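Q: Data: entry-v4.txt, compact mmCIF, N, CA and C atoms.
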# COMPACT_ATOMS: atom_id res chain seq x y z
N MET A 99 29.41 5.54 -9.30
CA MET A 99 28.35 4.65 -8.88
C MET A 99 27.01 5.30 -9.20
N SER A 100 26.13 4.54 -9.77
CA SER A 100 24.82 5.03 -10.16
C SER A 100 23.80 4.80 -9.05
N ILE A 101 22.91 5.75 -8.87
CA ILE A 101 21.86 5.60 -7.87
C ILE A 101 20.64 5.01 -8.56
N PRO A 102 20.08 3.90 -8.03
CA PRO A 102 18.90 3.31 -8.65
C PRO A 102 17.75 4.33 -8.78
N ASP A 103 16.95 4.18 -9.84
CA ASP A 103 15.86 5.11 -10.11
C ASP A 103 14.88 5.24 -8.94
N ARG A 104 14.62 4.14 -8.25
CA ARG A 104 13.69 4.17 -7.11
C ARG A 104 14.19 5.12 -6.02
N ILE A 105 15.49 5.08 -5.77
CA ILE A 105 16.07 5.95 -4.74
C ILE A 105 16.12 7.39 -5.25
N LYS A 106 16.48 7.56 -6.52
CA LYS A 106 16.51 8.91 -7.10
C LYS A 106 15.15 9.58 -6.95
N SER A 107 14.07 8.84 -7.21
CA SER A 107 12.74 9.43 -7.12
C SER A 107 12.41 9.85 -5.69
N ARG A 108 12.96 9.16 -4.71
CA ARG A 108 12.71 9.52 -3.32
C ARG A 108 13.46 10.77 -2.89
N LEU A 109 14.45 11.17 -3.64
CA LEU A 109 15.22 12.37 -3.31
C LEU A 109 14.58 13.63 -3.88
N ARG A 110 13.65 13.46 -4.80
CA ARG A 110 12.98 14.62 -5.38
C ARG A 110 12.09 15.30 -4.36
N LYS A 111 12.11 16.62 -4.36
CA LYS A 111 11.27 17.39 -3.43
C LYS A 111 9.84 17.50 -3.93
N ASP A 112 9.63 17.34 -5.24
CA ASP A 112 8.31 17.55 -5.83
C ASP A 112 7.54 16.24 -6.06
N ARG A 113 7.83 15.23 -5.25
CA ARG A 113 7.14 13.95 -5.40
C ARG A 113 5.65 14.11 -5.11
N PRO A 114 4.81 13.35 -5.79
CA PRO A 114 3.38 13.38 -5.47
C PRO A 114 3.16 12.91 -4.04
N MET A 115 2.23 13.54 -3.37
CA MET A 115 1.93 13.20 -1.98
C MET A 115 0.45 12.82 -1.86
N THR A 116 0.14 12.11 -0.81
CA THR A 116 -1.23 11.77 -0.48
C THR A 116 -1.42 11.94 1.02
N SER A 117 -2.61 12.23 1.42
CA SER A 117 -2.92 12.35 2.84
C SER A 117 -3.50 11.03 3.33
N ILE A 118 -3.11 10.66 4.54
CA ILE A 118 -3.66 9.46 5.16
C ILE A 118 -4.12 9.82 6.56
N THR A 119 -4.98 8.98 7.10
CA THR A 119 -5.38 9.11 8.49
C THR A 119 -4.77 7.94 9.23
N LEU A 120 -4.10 8.24 10.30
CA LEU A 120 -3.41 7.21 11.07
C LEU A 120 -3.77 7.39 12.53
N ARG A 121 -4.35 6.38 13.11
CA ARG A 121 -4.71 6.45 14.53
C ARG A 121 -3.53 5.91 15.34
N ILE A 122 -2.97 6.77 16.18
CA ILE A 122 -1.89 6.35 17.07
C ILE A 122 -2.18 6.89 18.47
N PRO A 123 -1.66 6.22 19.48
CA PRO A 123 -1.94 6.63 20.85
C PRO A 123 -1.47 8.06 21.14
N VAL A 124 -2.24 8.75 21.98
CA VAL A 124 -1.94 10.13 22.34
C VAL A 124 -0.54 10.25 22.95
N ASP A 125 -0.18 9.29 23.81
CA ASP A 125 1.14 9.38 24.44
C ASP A 125 2.27 9.26 23.42
N MET A 126 2.03 8.52 22.32
CA MET A 126 3.04 8.42 21.27
C MET A 126 3.20 9.76 20.56
N VAL A 127 2.09 10.43 20.30
CA VAL A 127 2.15 11.75 19.67
C VAL A 127 2.90 12.73 20.57
N GLU A 128 2.62 12.67 21.87
CA GLU A 128 3.32 13.55 22.81
C GLU A 128 4.82 13.28 22.79
N SER A 129 5.20 12.02 22.74
CA SER A 129 6.62 11.67 22.66
C SER A 129 7.24 12.18 21.37
N LEU A 130 6.53 12.04 20.27
CA LEU A 130 7.02 12.55 18.99
C LEU A 130 7.23 14.06 19.06
N LYS A 131 6.29 14.76 19.69
CA LYS A 131 6.40 16.22 19.82
C LYS A 131 7.60 16.62 20.68
N GLU A 132 7.93 15.80 21.67
CA GLU A 132 9.09 16.09 22.52
C GLU A 132 10.40 15.81 21.79
N ILE A 133 10.44 14.73 21.04
CA ILE A 133 11.67 14.29 20.37
C ILE A 133 11.96 15.11 19.12
N ALA A 134 10.92 15.54 18.41
CA ALA A 134 11.09 16.24 17.13
C ALA A 134 12.09 17.39 17.20
N PRO A 135 11.94 18.35 18.13
CA PRO A 135 12.91 19.45 18.15
C PRO A 135 14.32 18.99 18.53
N LEU A 136 14.41 17.93 19.31
CA LEU A 136 15.74 17.40 19.68
C LEU A 136 16.45 16.80 18.48
N ARG A 137 15.67 16.34 17.50
CA ARG A 137 16.22 15.77 16.28
C ARG A 137 16.31 16.81 15.17
N GLY A 138 15.94 18.07 15.48
CA GLY A 138 16.06 19.14 14.49
C GLY A 138 14.83 19.35 13.62
N PHE A 139 13.70 18.80 14.01
CA PHE A 139 12.47 18.96 13.25
C PHE A 139 11.60 20.01 13.90
N SER A 140 10.88 20.76 13.07
CA SER A 140 10.00 21.79 13.61
C SER A 140 8.67 21.21 14.08
N GLY A 141 8.31 20.03 13.57
CA GLY A 141 7.06 19.41 13.97
C GLY A 141 7.18 17.90 14.03
N TYR A 142 6.21 17.30 14.69
CA TYR A 142 6.27 15.85 14.90
C TYR A 142 5.96 15.05 13.64
N GLN A 143 5.19 15.62 12.69
CA GLN A 143 4.84 14.87 11.49
C GLN A 143 6.05 14.56 10.62
N ALA A 144 6.98 15.49 10.54
CA ALA A 144 8.20 15.23 9.77
C ALA A 144 9.02 14.11 10.42
N LEU A 145 9.05 14.11 11.75
CA LEU A 145 9.76 13.04 12.45
C LEU A 145 9.08 11.70 12.21
N LEU A 146 7.77 11.70 12.24
CA LEU A 146 7.02 10.47 11.97
C LEU A 146 7.32 9.95 10.57
N LYS A 147 7.36 10.85 9.58
CA LYS A 147 7.70 10.45 8.21
C LYS A 147 9.11 9.87 8.15
N LEU A 148 10.04 10.46 8.92
CA LEU A 148 11.40 9.93 8.96
C LEU A 148 11.41 8.50 9.49
N TYR A 149 10.70 8.28 10.59
CA TYR A 149 10.65 6.93 11.16
C TYR A 149 10.06 5.92 10.17
N VAL A 150 9.00 6.30 9.48
CA VAL A 150 8.39 5.42 8.50
C VAL A 150 9.37 5.15 7.36
N SER A 151 10.03 6.19 6.89
CA SER A 151 10.99 6.07 5.80
C SER A 151 12.16 5.15 6.17
N GLU A 152 12.70 5.34 7.38
CA GLU A 152 13.81 4.50 7.83
C GLU A 152 13.41 3.03 7.91
N GLY A 153 12.24 2.77 8.47
CA GLY A 153 11.76 1.39 8.57
C GLY A 153 11.50 0.78 7.21
N LEU A 154 10.93 1.58 6.32
CA LEU A 154 10.64 1.10 4.98
C LEU A 154 11.92 0.76 4.22
N ARG A 155 12.92 1.65 4.29
CA ARG A 155 14.20 1.37 3.60
C ARG A 155 14.85 0.11 4.16
N ARG A 156 14.81 -0.05 5.48
CA ARG A 156 15.40 -1.24 6.10
C ARG A 156 14.70 -2.50 5.61
N ASP A 157 13.37 -2.48 5.59
CA ASP A 157 12.64 -3.66 5.15
C ASP A 157 12.80 -3.93 3.66
N GLU A 158 12.83 -2.88 2.86
CA GLU A 158 13.05 -3.07 1.42
C GLU A 158 14.40 -3.75 1.18
N ALA A 159 15.43 -3.29 1.87
CA ALA A 159 16.76 -3.89 1.71
C ALA A 159 16.74 -5.35 2.19
N ARG A 160 16.09 -5.58 3.31
CA ARG A 160 16.05 -6.93 3.87
C ARG A 160 15.33 -7.90 2.94
N TYR A 161 14.15 -7.50 2.48
CA TYR A 161 13.37 -8.42 1.66
C TYR A 161 13.94 -8.57 0.26
N ALA A 162 14.57 -7.55 -0.27
CA ALA A 162 15.24 -7.68 -1.56
C ALA A 162 16.39 -8.66 -1.43
N THR A 163 17.14 -8.55 -0.33
CA THR A 163 18.26 -9.46 -0.08
C THR A 163 17.75 -10.88 0.12
N ASP A 164 16.66 -11.03 0.89
CA ASP A 164 16.09 -12.35 1.12
C ASP A 164 15.63 -12.98 -0.20
N GLN A 165 15.01 -12.17 -1.06
CA GLN A 165 14.53 -12.67 -2.34
C GLN A 165 15.71 -13.13 -3.20
N THR A 166 16.78 -12.34 -3.21
CA THR A 166 17.97 -12.70 -3.98
C THR A 166 18.59 -13.98 -3.43
N ALA A 167 18.66 -14.08 -2.11
CA ALA A 167 19.24 -15.28 -1.50
C ALA A 167 18.40 -16.52 -1.83
N ARG A 168 17.08 -16.37 -1.83
CA ARG A 168 16.21 -17.51 -2.17
C ARG A 168 16.39 -17.92 -3.63
N LEU A 169 16.55 -16.92 -4.50
CA LEU A 169 16.76 -17.23 -5.91
C LEU A 169 18.08 -17.97 -6.11
N ILE A 170 19.13 -17.48 -5.47
CA ILE A 170 20.44 -18.14 -5.58
C ILE A 170 20.37 -19.56 -5.05
N ALA A 171 19.71 -19.76 -3.91
CA ALA A 171 19.58 -21.11 -3.34
C ALA A 171 18.82 -22.02 -4.30
N ALA A 172 17.76 -21.51 -4.93
CA ALA A 172 16.98 -22.32 -5.86
C ALA A 172 17.80 -22.68 -7.09
N LEU A 173 18.60 -21.73 -7.57
CA LEU A 173 19.45 -22.01 -8.73
C LEU A 173 20.53 -23.03 -8.39
N LYS A 174 21.12 -22.91 -7.20
CA LYS A 174 22.12 -23.89 -6.77
C LYS A 174 21.51 -25.28 -6.69
N LYS A 175 20.30 -25.35 -6.16
CA LYS A 175 19.61 -26.63 -6.02
C LYS A 175 19.38 -27.28 -7.38
N ARG A 176 19.26 -26.44 -8.40
CA ARG A 176 19.02 -26.95 -9.75
C ARG A 176 20.31 -27.16 -10.53
N GLY A 177 21.44 -27.06 -9.82
CA GLY A 177 22.72 -27.40 -10.44
C GLY A 177 23.48 -26.27 -11.07
N VAL A 178 23.04 -25.02 -10.89
CA VAL A 178 23.79 -23.90 -11.44
C VAL A 178 25.06 -23.73 -10.62
N SER A 179 26.18 -23.64 -11.31
CA SER A 179 27.48 -23.60 -10.62
C SER A 179 27.72 -22.26 -9.94
N GLU A 180 28.59 -22.29 -8.93
CA GLU A 180 28.99 -21.07 -8.22
C GLU A 180 29.60 -20.06 -9.19
N THR A 181 30.36 -20.56 -10.15
CA THR A 181 31.01 -19.69 -11.12
C THR A 181 29.98 -18.94 -11.95
N VAL A 182 28.99 -19.65 -12.44
CA VAL A 182 27.93 -19.02 -13.24
C VAL A 182 27.16 -18.01 -12.39
N LEU A 183 26.86 -18.36 -11.15
CA LEU A 183 26.15 -17.45 -10.26
C LEU A 183 26.97 -16.19 -10.00
N ALA A 184 28.26 -16.35 -9.78
CA ALA A 184 29.14 -15.20 -9.52
C ALA A 184 29.22 -14.31 -10.76
N GLU A 185 29.35 -14.92 -11.94
CA GLU A 185 29.39 -14.15 -13.18
C GLU A 185 28.08 -13.38 -13.40
N ALA A 186 26.97 -14.04 -13.13
CA ALA A 186 25.66 -13.40 -13.30
C ALA A 186 25.51 -12.24 -12.32
N ALA A 187 25.98 -12.42 -11.10
CA ALA A 187 25.89 -11.35 -10.11
C ALA A 187 26.74 -10.15 -10.53
N MET A 188 27.92 -10.41 -11.06
CA MET A 188 28.78 -9.32 -11.52
C MET A 188 28.14 -8.59 -12.71
N GLU A 189 27.56 -9.36 -13.61
CA GLU A 189 26.90 -8.76 -14.78
C GLU A 189 25.72 -7.91 -14.35
N ALA A 190 24.92 -8.41 -13.41
CA ALA A 190 23.78 -7.64 -12.91
C ALA A 190 24.23 -6.37 -12.21
N GLU A 191 25.31 -6.45 -11.48
CA GLU A 191 25.85 -5.27 -10.79
C GLU A 191 26.30 -4.22 -11.79
N ARG A 192 26.99 -4.65 -12.85
CA ARG A 192 27.43 -3.72 -13.90
C ARG A 192 26.23 -3.08 -14.58
N ALA A 193 25.20 -3.87 -14.85
CA ALA A 193 24.00 -3.35 -15.52
C ALA A 193 23.26 -2.34 -14.65
N ALA A 194 23.34 -2.51 -13.34
CA ALA A 194 22.67 -1.59 -12.42
C ALA A 194 23.37 -0.24 -12.34
N HIS A 195 24.61 -0.20 -12.74
CA HIS A 195 25.38 1.07 -12.65
C HIS A 195 25.52 1.67 -13.98
Could I get this file's structure written as structure tokens?
A:
Amino acid sequence: MSIPDRIKSRLRKDRPMTSITLRIPVDMVESLKEIAPLRGFSGYQALLKLYVSEGLRRDEARYATDQTARLIAALKKRGVSETVLAEAAMEAERAAH
């Protein structure tokens, strides 16, 4: 099974980084500081990045799936057969790997 390039790039340790400023409530930072060592992190910023990453991956999967479902529905509405859609999905899956 092949890993998509987007995911491969996220596994690299030498990815370009940028600094941002994020205003969050003090009590949230305190909670992050308490939870971080319990989750095996030395600091709260790494835990915060994990939370952002998890949410981002979940939403990317959700919206990609939603977009695919909308495309399939639109094609069905225009008379594309289930057989053709299934064949196209299999071909796209093979091309992705």
Q: With only C-alpha atoms as the counted atoms, please give the residues lying no more than 12 Å from Leu173 (chain A), apart from itself and same-chain residues fewer than 6 positions off, as a PyMOL selection string.
A: chain A and resi 166-167+179-180+182-184+186
Q: Select, from A:Ser129, A:Gln143, A:Glu191, A:Leu136, the residue with the minimum atom-to-atom distance to Ser117 (chain A), counting only C-alpha atoms.
A: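 Checking each of A:Ser129, A:Gln143, A:Glu191, A:Leu136 against Ser117 (chain A), counting only C-alpha atoms, the winner is A:Gln143.
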Q: Can you list, as a PyMOL selection string, all residues belonging to chain A that DSSP tags as helix (DSSP H, G or I)?
A: chain A and resi 103-109+124-136+142-175+180-194
Q: Go ahead and compute the interatomic distance for CA of Tyr142 (chain A) and CA of Leu130 (chain A), in Å to one decimal.
A: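 Rounded to one decimal, the two atoms are 5.3 Å apart.
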Q: Please compute the atom C of Met188 (chain A)-CA of Ala171 (chain A) distance, one decimal, in Å.
A: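 Distance between the two atoms: 17.8 Å.
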Q: State, in Å with one decimal place, the distance from atom C of Met126 (chain A) to atom N of Leu146 (chain A).
A: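 Here the two named atoms are 9.7 Å from each other.
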Q: With distances taken over only C-alpha atoms, which of A:Arg155, A:Tyr149, A:Met115, A:Ala187 is nearest to Ile170 (chain A)?
A: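 Smallest distance to Ile170 (chain A) is found for A:Ala187.
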Q: Could you get me a file of region 119-160 of chain A with C-alpha atoms, as a short mmCIF file (atom, residue, chain, number, x, y, z; two decimals), in the first residue's frame, taken from the block above?
A:
data_model
loop_
_atom_site.label_atom_id
_atom_site.label_comp_id
_atom_site.auth_asym_id
_atom_site.auth_seq_id
_atom_site.Cartn_x
_atom_site.Cartn_y
_atom_site.Cartn_z
CA THR A 119 0.78 33.77 17.85
CA LEU A 120 -2.29 32.17 19.33
CA ARG A 121 -4.30 33.70 22.13
CA ILE A 122 -5.84 31.05 24.35
CA PRO A 123 -7.23 31.25 27.87
CA VAL A 124 -4.75 30.90 30.74
CA ASP A 125 -6.73 28.04 32.28
CA MET A 126 -6.46 26.12 28.99
CA VAL A 127 -2.67 26.52 29.01
CA GLU A 128 -2.58 25.31 32.61
CA SER A 129 -4.61 22.24 31.63
CA LEU A 130 -2.29 21.57 28.70
CA LYS A 131 0.70 21.79 31.06
CA GLU A 132 -0.93 19.26 33.41
CA ILE A 133 -1.93 16.81 30.67
CA ALA A 134 1.29 17.00 28.60
CA PRO A 135 3.47 14.87 30.90
CA LEU A 136 0.62 12.38 31.37
CA ARG A 137 0.58 11.92 27.59
CA GLY A 138 4.38 11.60 27.44
CA PHE A 139 5.21 15.12 26.28
CA SER A 140 7.91 17.25 27.86
CA GLY A 141 5.99 20.47 27.18
CA TYR A 142 2.52 21.71 26.46
CA GLN A 143 3.31 23.09 22.98
CA ALA A 144 3.94 19.63 21.56
CA LEU A 145 0.63 18.47 23.01
CA LEU A 146 -1.11 21.47 21.48
CA LYS A 147 0.41 20.62 18.08
CA LEU A 148 -0.84 17.05 18.49
CA TYR A 149 -4.38 18.25 19.18
CA VAL A 150 -4.29 20.55 16.14
CA SER A 151 -2.87 17.76 13.97
CA GLU A 152 -5.51 15.25 15.09
CA GLY A 153 -8.34 17.68 14.42
CA LEU A 154 -6.90 18.66 11.07
CA ARG A 155 -6.52 15.03 9.92
CA ARG A 156 -10.09 14.27 11.03
CA ASP A 157 -11.48 17.25 9.14
CA GLU A 158 -9.39 16.59 6.03
CA ALA A 159 -10.72 13.03 5.90
CA ARG A 160 -14.28 14.20 6.53
#
